[in-house]
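**Q** So that we are looking at the same thing, I have put the structure below in structure tokens.
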Amino acid sequence: MEKIANGVWRLRYGAPEAHTPVSLRKSSVLQEQLDKLEGAATPPFTEDQIEIKSTPRGLHIELPLEADEHIYGFGLQLHRVDHTGRKKVIRVNSDPVADTGDSHAPVPFYVSTAGYGVFVDTARYATFYCGTNQRKGASAGKRSEQKEIGTSEIELYGYQATEGDRTVVVDIPAAQGIDVYLFGGPELRHAVQRYNLFSGGGALPPMWGLGMWYRAYSAATKEDVMRLADGFRTDRMPVDVFGFEPGWQTKAYSCSFVWDEGRFPGHEEMLRELYGKNYRVNLWEHLFVHPTSPMYEKLLPHSGDYEVWEGLVPDLAVAEAKEVFAKHHLTEFVEKGIAGFKLDECDSSDYVHSNWSFPDVARFPSGMDGEQMHNQIGTLYQEAIEAPFEAAGRRTLSQVRASGALAAPFPFVLYSDLYDHKVFIRGVVNGGFSGLLWSPEVRQAESPEDLIRRIQTAVFSPMALLNCWRIPNPPWKQVDREKNVKGEFLDNYEEIQSICRSLFETRMAFIPYLYTSYAKYRIEGLPPFRAIVMDYPDDPNTFGIEDAYMMGESLLIAPLTAGETERSVYLPKGRWHCFWTGEAYEGGQSYLMSPGLERIPVFVKDGTLLPLAAPLQHVADDAVFDITVKAFGDSPAACSLYEDDGTSFSYRDGGFGWVRIELDGGGLKVTRSGGFTGHRYNIIG
Ligand code: GAL
């Protein structure tokens, strides 16, 4: 076992495959930041506690798992949080409808409440059996303890493997060698931080990326777009990012990557108008390249041997292909002011549309096969699209539907065509275990109540997105899709709109706090949104929570879904305060909350000084936020806000600073430190 960074060890077996997440990545391990984390002087396991052997199938790995351990991770798992006792297949999939492991972003990484993490460096569809089975002989004698014939499966088929003799079994097809990385604690959250810093640190979005996002109707014309864009400003609905769906291109399935001058005549003029109204423009696309695309001929020699939708599948692991992609995006879009992209369809459909991707036996010029490409295509694609923004010296925050291992540095947020609200909330809880960001996007809704509850979750999530690609008018005017298309509005739409406006403004108020939480993700690897167990690993009541999560250091968010007028919220030990009313709650127990439709349960940790901004309509490059701090508890600790120019990469060269705010007698003391010379925050009270 080799120590490769502070608290990170690698165990190598045989000769690893040429294409793995580690061999394909471009970011480097953040050694210095890892050095700053304390603890974890020795690896969580000794070499002889880990069994690795070759089999005719590939590789068989076996790792210890104690009786009281709970394990989390495996990427964006939408159907379960605690994977103890479950089998998970690490396979990218666009229709992750069941708890199989299939995911838009599967990751062969897990963390344990015992305070360590394990990353198996493979692009294969590896299967993890998380304490599901015992070795032959382990149950001898224990069966006799079984009492009577039961009527449930558990009773009938014996005990669950909780007897201290269980392991994690990993089955990796095809590979004959492997690197297994171990991440030390001391606590679960430190193992996650180490994994993220090993990945290259968390993404720092541009500040505007934390505002509201609105994606317009697929069939929108230039006039429709301008009507929406003008409408948001007139109605004072804060929106930062305006998204174009497939209709902007001449060909969308597969993609031409060329503006459709029929639907958008003089599109450059339209873009200028949108920029003038302070919108950032985001364009939908996927990576299958239509024969009419200007990139087609150049990509032909660097593509896989199967087409998708009559288009090429470029091999973005090949430098030439990546270069063609990056250059087209730079000159045609990024240099013309486009702020980001929505990278769709890269996650392979098996259950709904089996021909919407390439087969696992496909071959690519880099030497990868279809299986490896499926699991890597999301991160390769993100890297290719981030390159032009790097070249232009401007940050992006973009969207992607497939991701995977070591993705923390990518400024991309995942989304899905699934739509169950509770599943979407679970996504926010889970993404943080594996270096992923997830947006519980809002589309149309079943009812105004459904719309408002969904917007509440979106507002308290990594990306506050309304993806209205199927409705021409904003959902607050009409939630029902058919009526929306016909232009029939709700009688009380102004009332609904006003509730939505106030929620959008809440999001805008939290931007400085959120931006600081993202800065911690970049610097310390600490996810801005995370499961409660990550902050309270010693409290078993948090182990199974999948409907509430932490936002930054101080806030606990517990969304409600349509049909619920109340819900139970477990507050970990310590004192908490309702964000809206200030009412105090003693932690270590659950409370039934019924805040009414306009509010989502949000709790603030005792001792918090919470910085809130006067809501802006949008975050311009030179925006300055007027900040009021709200004190929760008798003696709140100082808080710090991260400050930089919000758009460039100058923070990498020290161009950032901290604004420390503390209570000082009856007033406030504000101290600035660091290398940023400007002022983004005006502390007003
Ligand atoms: C889907 C995507 C949706 C929307 C749609 C447009 O694949 O998930 O959000 O963009 O394509 O055709």
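Residues are named by chain letter and number: chains run A, B, ... in the order of the structure tokens, numbers start at 1 in each chain, and ligands are numbered from 1 in the order shown.
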Let me see if you get this right: every residue at most 7 Å from ligand 1, counting only C-alpha atoms and all ligand atoms, written as a list of chain:residue names.
**A**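 Selection of residues at most 7 Å from ligand 1: A:Ser218, A:Glu245, A:Pro246, A:Trp284, A:Asp344, A:Glu345, A:Ser416, A:Asp417, A:Asn467, A:Trp469.
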**Q** Which parts of segment 205-299 of chain A does DSSP call strand (DSSP E) when run on the backbone here, written out as a PyMOL selection string?
**A** chain A and resi 212-215+241-244+280-285
**Q** Need the shell around segment 30-39 of chain A: protein/DNA/RNA residues with any atom at most 8 Å away, counting only C-alpha atoms. Skip same-chain ones fewer than 6 positions apart. Format as a list in words?
**A**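 Counting only C-alpha atoms, the residues come to Ala5, Asn6, Gly7, Gly184, Gly185, Pro186, His190, Arg194, Leu197, Phe198, Ser199, Gly200, Gly201, Ile523 and Glu524 of chain A.
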**Q** Step one, run DSSP on the backbone; step two, keep only residues of segment 343-420 of chain A assigned to helix (DSSP H, G or I); then write them as a PyMOL selection string.
**A** chain A and resi 370-392
**Q** Quick one: of A:Arg453, A:Arg443, A:Arg652, A:Lys669, who's nearest to Asn484 of chain A, counting only C-alpha atoms?
**A**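 The shortest atom-to-atom distance to Asn484 of chain A comes from A:Arg443.
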**Q** For atom CA of Pro636 of chain A and atom CA of Asp539 of chain A, determine how far apart the two atoms are, in Å to one decimal place.
**A**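 Computing it gives 23.8 Å between the two atoms.
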**Q** Within 7 Å of Phe656 of chain A, counting only C-alpha atoms, which residues show up once you throw out same-chain ones fewer than 6 positions away? Write them as a PyMOL selection string, please.
**A** chain A and resi 643-644+674-676
**Q** For Trp309 of chain A, work out the shell of residues within 8 Å, counting only C-alpha atoms and skipping chain neighbours fewer than 5 positions away, then give it as a PyMOL selection string.
**A** chain A and resi 253-254+288+356
**Q** Go ahead and write the selection's residues with all heavy atoms as a compact mmCIF listing (two decimals), in the first residue's frame.
**A**
```
# COMPACT_ATOMS: atom_id res chain seq x y z
N TYR A 253 -31.37 16.24 -33.12
CA TYR A 253 -31.16 14.80 -32.81
C TYR A 253 -30.70 14.10 -34.06
O TYR A 253 -31.52 13.64 -34.82
CB TYR A 253 -32.46 14.17 -32.30
CG TYR A 253 -32.87 14.64 -30.92
CD1 TYR A 253 -33.66 15.77 -30.76
CD2 TYR A 253 -32.44 13.95 -29.79
CE1 TYR A 253 -34.02 16.21 -29.48
CE2 TYR A 253 -32.81 14.38 -28.53
CZ TYR A 253 -33.60 15.51 -28.37
OH TYR A 253 -33.96 15.93 -27.11
N SER A 254 -29.45 14.01 -34.39
CA SER A 254 -28.29 14.48 -33.69
C SER A 254 -28.07 15.99 -33.90
O SER A 254 -28.83 16.62 -34.63
CB SER A 254 -27.07 13.69 -34.18
OG SER A 254 -27.08 13.60 -35.61
N PHE A 288 -23.83 13.94 -29.90
CA PHE A 288 -23.90 13.15 -31.12
C PHE A 288 -23.97 14.13 -32.31
O PHE A 288 -24.83 15.01 -32.35
CB PHE A 288 -25.09 12.21 -31.06
CG PHE A 288 -25.07 11.37 -29.80
CD1 PHE A 288 -26.13 11.36 -28.91
CD2 PHE A 288 -23.94 10.59 -29.48
CE1 PHE A 288 -26.09 10.61 -27.74
CE2 PHE A 288 -23.89 9.84 -28.31
CZ PHE A 288 -24.97 9.85 -27.44
N TRP A 356 -31.00 4.85 -28.17
CA TRP A 356 -30.57 6.23 -27.97
C TRP A 356 -29.11 6.33 -27.52
O TRP A 356 -28.70 7.34 -26.98
CB TRP A 356 -31.47 6.95 -26.96
CG TRP A 356 -32.77 7.39 -27.54
CD1 TRP A 356 -33.36 6.90 -28.66
CD2 TRP A 356 -33.64 8.42 -27.05
NE1 TRP A 356 -34.54 7.54 -28.88
CE2 TRP A 356 -34.75 8.48 -27.91
CE3 TRP A 356 -33.59 9.28 -25.95
CZ2 TRP A 356 -35.79 9.39 -27.72
CZ3 TRP A 356 -34.63 10.17 -25.76
CH2 TRP A 356 -35.72 10.22 -26.64
```
**Q** What gap, in Å, lies between atom CA of Val459 of chain A and atom CA of Tyr570 of chain A?
**A**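 Computed distance, atom CA of Val459 of chain A to atom CA of Tyr570 of chain A, equals 21.1 Å.
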**Q** Can you list, as an MDAnalysis selection string, every protein, DNA or RNA residue that comes within 6 Å of Val107 of chain A when you count only C-alpha atoms, leaving out same-chain residues fewer than 3 positions away?
**A** chainID A and resid 74:75 404:405
**Q** Next, write the just-selected residues to a file, as a CSV table (one decimal), in the first residue's frame, keeping N, CA, C and O atoms as the atom set.
**A**
```csv
chain,number,residue,atom,x,y,z
A,74,PHE,N,-21.7,6.0,-3.9
A,74,PHE,CA,-22.0,5.3,-5.2
A,74,PHE,C,-22.6,6.3,-6.2
A,74,PHE,O,-23.3,5.9,-7.2
A,75,GLY,N,-22.4,7.6,-6.0
A,75,GLY,CA,-22.8,8.6,-7.0
A,75,GLY,C,-24.2,9.1,-6.7
A,75,GLY,O,-24.7,9.0,-5.6
A,404,GLY,N,-19.7,11.1,-13.3
A,404,GLY,CA,-19.1,9.9,-12.7
A,404,GLY,C,-18.1,10.2,-11.7
A,404,GLY,O,-18.1,11.2,-11.0
A,405,ALA,N,-17.0,9.4,-11.8
A,405,ALA,CA,-16.0,9.5,-10.7
A,405,ALA,C,-15.1,10.8,-10.9
A,405,ALA,O,-14.9,11.2,-12.0
```
**Q** Excluding Met550 of chain A and any residue of its chain fewer than 2 positions from it, enumerate the residues within 8 Å of it, using only C-alpha atoms, and give them as a ChimeraX atom specification.
**A** /A:528-532,548,552-557
**Q** Keeping only N, CA and C atoms, take the residues you just selected and write them out as a PDB file, in the first residue's frame.
**A**
```
ATOM      1  N   PRO A 528     -21.333  21.715  -0.573  1.00  0.00           N
ATOM      2  CA  PRO A 528     -22.249  22.759  -0.104  1.00  0.00           C
ATOM      3  C   PRO A 528     -23.612  22.197   0.307  1.00  0.00           C
ATOM      4  N   PHE A 529     -24.015  21.099  -0.309  1.00  0.00           N
ATOM      5  CA  PHE A 529     -25.273  20.422   0.053  1.00  0.00           C
ATOM      6  C   PHE A 529     -24.907  19.004   0.442  1.00  0.00           C
ATOM      7  N   ARG A 530     -25.382  18.553   1.590  1.00  0.00           N
ATOM      8  CA  ARG A 530     -24.958  17.226   2.043  1.00  0.00           C
ATOM      9  C   ARG A 530     -25.960  16.614   3.011  1.00  0.00           C
ATOM     10  N   ALA A 531     -25.851  15.305   3.118  1.00  0.00           N
ATOM     11  CA  ALA A 531     -26.715  14.565   4.030  1.00  0.00           C
ATOM     12  C   ALA A 531     -26.417  14.995   5.469  1.00  0.00           C
ATOM     13  N   ILE A 532     -27.418  14.921   6.322  1.00  0.00           N
ATOM     14  CA  ILE A 532     -27.234  15.344   7.717  1.00  0.00           C
ATOM     15  C   ILE A 532     -26.224  14.444   8.426  1.00  0.00           C
ATOM     16  N   ALA A 548     -34.243  15.329   4.111  1.00  0.00           N
ATOM     17  CA  ALA A 548     -33.779  16.602   4.661  1.00  0.00           C
ATOM     18  C   ALA A 548     -32.260  16.621   4.526  1.00  0.00           C
ATOM     19  N   GLY A 552     -24.816  24.290   3.398  1.00  0.00           N
ATOM     20  CA  GLY A 552     -23.725  24.997   4.069  1.00  0.00           C
ATOM     21  C   GLY A 552     -23.603  24.538   5.508  1.00  0.00           C
ATOM     22  N   GLU A 553     -22.853  25.337   6.285  1.00  0.00           N
ATOM     23  CA  GLU A 553     -22.535  24.951   7.659  1.00  0.00           C
ATOM     24  C   GLU A 553     -23.721  25.029   8.606  1.00  0.00           C
ATOM     25  N   SER A 554     -24.657  25.940   8.341  1.00  0.00           N
ATOM     26  CA  SER A 554     -25.593  26.322   9.398  1.00  0.00           C
ATOM     27  C   SER A 554     -27.048  25.996   9.172  1.00  0.00           C
ATOM     28  N   LEU A 555     -27.421  25.567   7.971  1.00  0.00           N
ATOM     29  CA  LEU A 555     -28.846  25.415   7.691  1.00  0.00           C
ATOM     30  C   LEU A 555     -29.255  23.976   7.460  1.00  0.00           C
ATOM     31  N   LEU A 556     -30.401  23.611   8.029  1.00  0.00           N
ATOM     32  CA  LEU A 556     -30.985  22.300   7.792  1.00  0.00           C
ATOM     33  C   LEU A 556     -32.304  22.529   7.045  1.00  0.00           C
ATOM     34  N   ILE A 557     -32.424  21.884   5.891  1.00  0.00           N
ATOM     35  CA  ILE A 557     -33.573  22.115   5.010  1.00  0.00           C
ATOM     36  C   ILE A 557     -34.422  20.845   4.989  1.00  0.00           C
TER      37      ILE A 557
END
```
**Q** With distances taken over only C-alpha atoms, which residue among A:Leu668, A:Met295, A:Pro512, A:Pro475 lies nearest Val624 of chain A?
**A**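 For Val624 of chain A, the nearest of the candidates is A:Pro512.
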**Q** Do you have, as JSON lines, the list of residues of segment 334-390 of chain A lying at most 7 Å from segment 84-101 of chain A, each with its nearest atom pair and that distance in Å to one decimal, counting only C-alpha atoms and ordered by chain then number?
**A**
```
{"residue": "A:Asp347", "atom": "CA", "partner": "A:Ser94", "partner_atom": "CA", "distance": 5.0}
{"residue": "A:Ser348", "atom": "CA", "partner": "A:Asn93", "partner_atom": "CA", "distance": 5.2}
{"residue": "A:Ser349", "atom": "CA", "partner": "A:Ser94", "partner_atom": "CA", "distance": 5.0}
{"residue": "A:Asp350", "atom": "CA", "partner": "A:Asn93", "partner_atom": "CA", "distance": 6.9}
{"residue": "A:Tyr351", "atom": "CA", "partner": "A:Asp95", "partner_atom": "CA", "distance": 6.6}
{"residue": "A:His374", "atom": "CA", "partner": "A:Val92", "partner_atom": "CA", "distance": 6.4}
{"residue": "A:Asn375", "atom": "CA", "partner": "A:Val92", "partner_atom": "CA", "distance": 5.5}
```
**Q** Could you save those same residues with all heavy atoms as a PDB file, in the first residue's frame?
**A**
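Generated file (again_33.pdb):
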```pdb
ATOM      1  N   ASP A 347     -26.184   9.926 -21.186  1.00  0.00           N
ATOM      2  CA  ASP A 347     -26.221   8.930 -20.128  1.00  0.00           C
ATOM      3  C   ASP A 347     -26.821   7.595 -20.521  1.00  0.00           C
ATOM      4  O   ASP A 347     -27.135   6.786 -19.651  1.00  0.00           O
ATOM      5  CB  ASP A 347     -26.960   9.498 -18.912  1.00  0.00           C
ATOM      6  CG  ASP A 347     -28.226  10.240 -19.320  1.00  0.00           C
ATOM      7  OD1 ASP A 347     -28.581  10.210 -20.518  1.00  0.00           O
ATOM      8  OD2 ASP A 347     -28.853  10.855 -18.454  1.00  0.00           O
ATOM      9  N   SER A 348     -26.991   7.350 -21.800  1.00  0.00           N
ATOM     10  CA  SER A 348     -27.358   6.019 -22.265  1.00  0.00           C
ATOM     11  C   SER A 348     -28.696   5.528 -21.716  1.00  0.00           C
ATOM     12  O   SER A 348     -28.861   5.311 -20.528  1.00  0.00           O
ATOM     13  CB  SER A 348     -26.273   5.012 -21.872  1.00  0.00           C
ATOM     14  OG  SER A 348     -26.555   3.772 -22.478  1.00  0.00           O
ATOM     15  N   SER A 349     -29.614   5.333 -22.635  1.00  0.00           N
ATOM     16  CA  SER A 349     -30.928   4.849 -22.238  1.00  0.00           C
ATOM     17  C   SER A 349     -30.996   3.352 -22.492  1.00  0.00           C
ATOM     18  O   SER A 349     -30.628   2.893 -23.564  1.00  0.00           O
ATOM     19  CB  SER A 349     -31.977   5.581 -23.076  1.00  0.00           C
ATOM     20  OG  SER A 349     -33.256   5.162 -22.751  1.00  0.00           O
ATOM     21  N   ASP A 350     -31.440   2.579 -21.527  1.00  0.00           N
ATOM     22  CA  ASP A 350     -31.589   1.139 -21.750  1.00  0.00           C
ATOM     23  C   ASP A 350     -33.034   0.717 -21.719  1.00  0.00           C
ATOM     24  O   ASP A 350     -33.459  -0.154 -22.443  1.00  0.00           O
ATOM     25  CB  ASP A 350     -30.841   0.354 -20.671  1.00  0.00           C
ATOM     26  CG  ASP A 350     -29.361   0.418 -20.894  1.00  0.00           C
ATOM     27  OD1 ASP A 350     -28.844  -0.417 -21.639  1.00  0.00           O
ATOM     28  OD2 ASP A 350     -28.729   1.333 -20.341  1.00  0.00           O
ATOM     29  N   TYR A 351     -33.808   1.328 -20.804  1.00  0.00           N
ATOM     30  CA  TYR A 351     -35.147   0.824 -20.561  1.00  0.00           C
ATOM     31  C   TYR A 351     -36.200   1.529 -21.412  1.00  0.00           C
ATOM     32  O   TYR A 351     -37.216   0.965 -21.728  1.00  0.00           O
ATOM     33  CB  TYR A 351     -35.507   0.978 -19.083  1.00  0.00           C
ATOM     34  CG  TYR A 351     -34.477   0.350 -18.187  1.00  0.00           C
ATOM     35  CD1 TYR A 351     -33.814   1.086 -17.228  1.00  0.00           C
ATOM     36  CD2 TYR A 351     -34.152  -0.997 -18.342  1.00  0.00           C
ATOM     37  CE1 TYR A 351     -32.855   0.504 -16.421  1.00  0.00           C
ATOM     38  CE2 TYR A 351     -33.189  -1.580 -17.536  1.00  0.00           C
ATOM     39  CZ  TYR A 351     -32.545  -0.820 -16.577  1.00  0.00           C
ATOM     40  OH  TYR A 351     -31.598  -1.381 -15.790  1.00  0.00           O
ATOM     41  N   HIS A 374     -19.334   4.530 -21.846  1.00  0.00           N
ATOM     42  CA  HIS A 374     -20.588   4.919 -21.194  1.00  0.00           C
ATOM     43  C   HIS A 374     -20.315   5.539 -19.822  1.00  0.00           C
ATOM     44  O   HIS A 374     -20.851   6.583 -19.486  1.00  0.00           O
ATOM     45  CB  HIS A 374     -21.504   3.704 -21.020  1.00  0.00           C
ATOM     46  CG  HIS A 374     -22.295   3.395 -22.246  1.00  0.00           C
ATOM     47  ND1 HIS A 374     -23.053   4.338 -22.890  1.00  0.00           N
ATOM     48  CD2 HIS A 374     -22.445   2.252 -22.950  1.00  0.00           C
ATOM     49  CE1 HIS A 374     -23.637   3.789 -23.944  1.00  0.00           C
ATOM     50  NE2 HIS A 374     -23.280   2.522 -24.007  1.00  0.00           N
ATOM     51  N   ASN A 375     -19.480   4.871 -19.038  1.00  0.00           N
ATOM     52  CA  ASN A 375     -19.246   5.375 -17.676  1.00  0.00           C
ATOM     53  C   ASN A 375     -18.346   6.603 -17.637  1.00  0.00           C
ATOM     54  O   ASN A 375     -18.318   7.307 -16.634  1.00  0.00           O
ATOM     55  CB  ASN A 375     -18.653   4.280 -16.781  1.00  0.00           C
ATOM     56  CG  ASN A 375     -19.746   3.456 -16.100  1.00  0.00           C
ATOM     57  OD1 ASN A 375     -20.925   3.694 -16.292  1.00  0.00           O
ATOM     58  ND2 ASN A 375     -19.341   2.475 -15.309  1.00  0.00           N
TER      59      ASN A 375
END
```
